[in-house]
file input-v7.pdb (PDB, C-alpha atoms)
ATOM      1  CA  MET Z   4      37.748 131.775  96.601
ATOM      2  CA  PRO Z   5      40.329 129.208  97.782
ATOM      3  CA  SER Z   6      39.072 125.699  98.182
ATOM      4  CA  PRO Z   7      39.622 123.718 101.407
ATOM      5  CA  LEU Z   8      41.851 121.343  99.473
ATOM      6  CA  SER Z   9      44.294 124.113  98.516
ATOM      7  CA  GLU Z  10      44.496 125.198 102.170
ATOM      8  CA  ALA Z  11      45.479 121.655 103.139
ATOM      9  CA  TYR Z  12      48.199 121.644 100.505
ATOM     10  CA  GLN Z  13      49.489 124.992 101.748
ATOM     11  CA  PHE Z  14      49.707 123.552 105.276
ATOM     12  CA  LEU Z  15      51.647 120.551 103.976
ATOM     13  CA  MET Z  16      53.910 122.759 101.908
ATOM     14  CA  ILE Z  17      54.848 124.882 104.941
ATOM     15  CA  TYR Z  18      55.685 121.796 106.989
ATOM     16  CA  GLY Z  19      57.572 120.308 104.056
ATOM     17  CA  VAL Z  20      59.765 123.386 103.771
ATOM     18  CA  LEU Z  21      60.266 123.358 107.549
ATOM     19  CA  PHE Z  22      61.396 119.716 107.472
ATOM     20  CA  ILE Z  23      63.745 120.442 104.555
ATOM     21  CA  ILE Z  24      65.356 123.282 106.528
ATOM     22  CA  ILE Z  25      65.678 121.047 109.605
ATOM     23  CA  GLY Z  26      67.200 118.296 107.470
ATOM     24  CA  LEU Z  27      69.703 120.614 105.836
ATOM     25  CA  THR Z  28      70.679 121.951 109.238
ATOM     26  CA  LEU Z  29      71.247 118.439 110.547
ATOM     27  CA  ILE Z  30      73.297 117.548 107.459
ATOM     28  CA  LEU Z  31      75.426 120.694 107.632
ATOM     29  CA  LEU Z  32      76.204 120.549 111.364
ATOM     30  CA  PRO Z  33      78.758 117.705 111.113
ATOM     31  CA  ILE Z  34      80.368 119.261 108.043
ATOM     32  CA  LEU Z  35      80.723 122.623 109.771
ATOM     33  CA  ALA Z  36      81.984 120.981 112.953
ATOM     34  CA  ASN Z  37      84.792 119.335 110.999
ATOM     35  CA  TYR Z  38      86.098 122.710 109.807
ATOM     36  CA  LEU Z  39      85.814 124.595 113.069
ATOM     37  CA  PRO Z  40      89.192 125.289 114.647
ATOM     38  CA  SER Z  41      88.090 124.076 118.056
ATOM     39  CA  MET Z  42      85.420 121.514 118.791
ATOM     40  CA  GLU Z  43      85.553 122.548 122.434
ATOM     41  CA  LYS Z  44      83.380 125.568 121.642
ATOM     42  CA  LEU Z  45      80.596 123.316 120.377
ATOM     43  CA  GLU Z  46      81.018 120.889 123.246
ATOM     44  CA  ASN Z  47      80.587 123.723 125.759
ATOM     45  CA  LEU Z  48      77.112 124.540 124.433
ATOM     46  CA  PRO Z  49      74.175 123.042 126.329
ATOM     47  CA  PRO Z  50      73.557 119.471 125.145
ATOM     48  CA  ILE Z  51      69.921 120.245 124.278
ATOM     49  CA  LEU Z  52      71.135 122.678 121.585
ATOM     50  CA  ILE Z  53      73.998 120.703 120.044
ATOM     51  CA  TYR Z  54      75.235 117.214 120.844
ATOM     52  CA  VAL Z  55      78.766 116.366 119.683
ATOM     53  CA  TYR Z  56      80.147 112.821 119.574
ATOM     54  CA  ARG Z  57      83.819 112.386 118.736
ATOM     55  CA  GLY Z  58      85.372 109.055 117.815
ATOM     56  CA  ASP Z  59      88.404 108.003 115.773
ATOM     57  CA  ASN Z  60      88.350 110.640 113.046
ATOM     58  CA  PHE Z  61      84.536 110.606 113.235
ATOM     59  CA  TYR Z  62      82.378 113.501 114.331
ATOM     60  CA  PHE Z  63      78.643 113.262 114.880
ATOM     61  CA  VAL Z  64      76.888 116.547 115.592
ATOM     62  CA  THR Z  65      73.152 116.838 115.978
ATOM     63  CA  SER Z  66      70.588 119.012 117.640
ATOM     64  CA  PRO Z  67      68.240 117.194 120.016
ATOM     65  CA  LEU Z  68      66.074 120.326 120.129
ATOM     66  CA  LEU Z  69      65.456 120.183 116.371
ATOM     67  CA  ILE Z  70      64.693 116.475 116.595
ATOM     68  CA  LEU Z  71      62.172 117.099 119.391
ATOM     69  CA  ILE Z  72      60.502 119.929 117.481
ATOM     70  CA  SER Z  73      60.177 117.825 114.340
ATOM     71  CA  LEU Z  74      58.743 114.884 116.305
ATOM     72  CA  VAL Z  75      56.182 117.111 118.030
ATOM     73  CA  LEU Z  76      55.127 118.632 114.707
ATOM     74  CA  LEU Z  77      54.850 115.189 113.144
ATOM     75  CA  ILE Z  78      52.721 113.890 116.022
ATOM     76  CA  LEU Z  79      50.496 116.971 115.872
ATOM     77  CA  TYR Z  80      50.020 116.471 112.157
ATOM     78  CA  ILE Z  81      49.164 112.799 112.562
ATOM     79  CA  VAL Z  82      46.711 113.489 115.398
ATOM     80  CA  LYS Z  83      45.039 116.330 113.519
TER      81      LYS Z  83
END
call {"tool": "encode", "arguments": {"input": "input-v7.pdb", "output": "structure tokens"}}
result
Amino acid sequence: MPSPLSEAYQFLMIYGVLFIIIGLTLILLPILANYLPSMEKLENLPPILIYVYRGDNFYFVTSPLLILISLVLLILYIVK
């Protein structure tokens, strides 16, 4: 019979893995954007999916949707 404490750890583990996946995605987006032949393809996507900032030899690519999802999950966890 699982204890209530182990269920809480399982909940935290699932969210931990989810945040790791989100973090890896956010880390890999700029690296992948550097190697894509045309940045215009990424810039044509809706800005809620992928936001691309280009400066002098600097690319910043992020996903506002992933940031919003992680903030909502964090707030839900704190409130719970």
call {"tool": "residues_around", "arguments": {"input": "input-v7.pdb", "residues": "Z:Leu52", "least_positions_apart": "2", "cutoff": "8 Å", "atoms": "all atoms listed in the file", "output": "JSON list (two decimals) with C-alpha atoms, in the coordinates of the input"}}
result
[["chain", "number", "residue", "atom", "x", "y", "z"],
["Z", 48, "LEU", "CA", 77.11, 124.54, 124.43],
["Z", 49, "PRO", "CA", 74.18, 123.04, 126.33],
["Z", 50, "PRO", "CA", 73.56, 119.47, 125.14],
["Z", 54, "TYR", "CA", 75.24, 117.21, 120.84],
["Z", 66, "SER", "CA", 70.59, 119.01, 117.64],
["Z", 67, "PRO", "CA", 68.24, 117.19, 120.02],
["Z", 68, "LEU", "CA", 66.07, 120.33, 120.13]]
call {"tool": "closest_residue", "arguments": {"input": "input-v7.pdb", "among": "Z:Tyr56, Z:Phe22, Z:Tyr38, Z:Tyr12", "to": "Z:Leu74", "atoms": "all atoms listed in the file"}}
result
Z:Phe22
call {"tool": "atom_distance", "arguments": {"input": "input-v7.pdb", "atom1": "atom CA of Z:Ile70", "atom2": "atom CA of Z:Met16"}}
result
19.3 Å
call {"tool": "atom_distance", "arguments": {"input": "input-v7.pdb", "atom1": "atom CA of Z:Asp59", "atom2": "atom CA of Z:Ile34"}}
result
15.8 Å
call {"tool": "closest_residue", "arguments": {"input": "input-v7.pdb", "among": "Z:Glu10, Z:Ser73, Z:Ile78, Z:Phe61", "to": "Z:Asn37", "atoms": "only C-alpha atoms"}}
result
Z:Phe61
call {"tool": "atom_distance", "arguments": {"input": "input-v7.pdb", "atom1": "atom CA of Z:Ile30", "atom2": "atom CA of Z:Phe14"}}
result
24.4 Å
call {"tool": "closest_residue", "arguments": {"input": "input-v7.pdb", "among": "Z:Leu31, Z:Val55, Z:Ile17, Z:Ile25", "to": "Z:Leu71", "atoms": "only C-alpha atoms"}}
result
Z:Ile25
call {"tool": "closest_residue", "arguments": {"input": "input-v7.pdb", "among": "Z:Leu21, Z:Leu27, Z:Asn47, Z:Leu32", "to": "Z:Ile72", "atoms": "all atoms listed in the file"}}
result
Z:Leu21
call {"tool": "closest_residue", "arguments": {"input": "input-v7.pdb", "among": "Z:Ser9, Z:Leu77, Z:Leu15, Z:Thr28", "to": "Z:Thr65", "atoms": "only C-alpha atoms"}}
result
Z:Thr28
call {"tool": "closest_residue", "arguments": {"input": "input-v7.pdb", "among": "Z:Leu76, Z:Leu29, Z:Ile81, Z:Ile23", "to": "Z:Phe63", "atoms": "only C-alpha atoms"}}
result
Z:Leu29
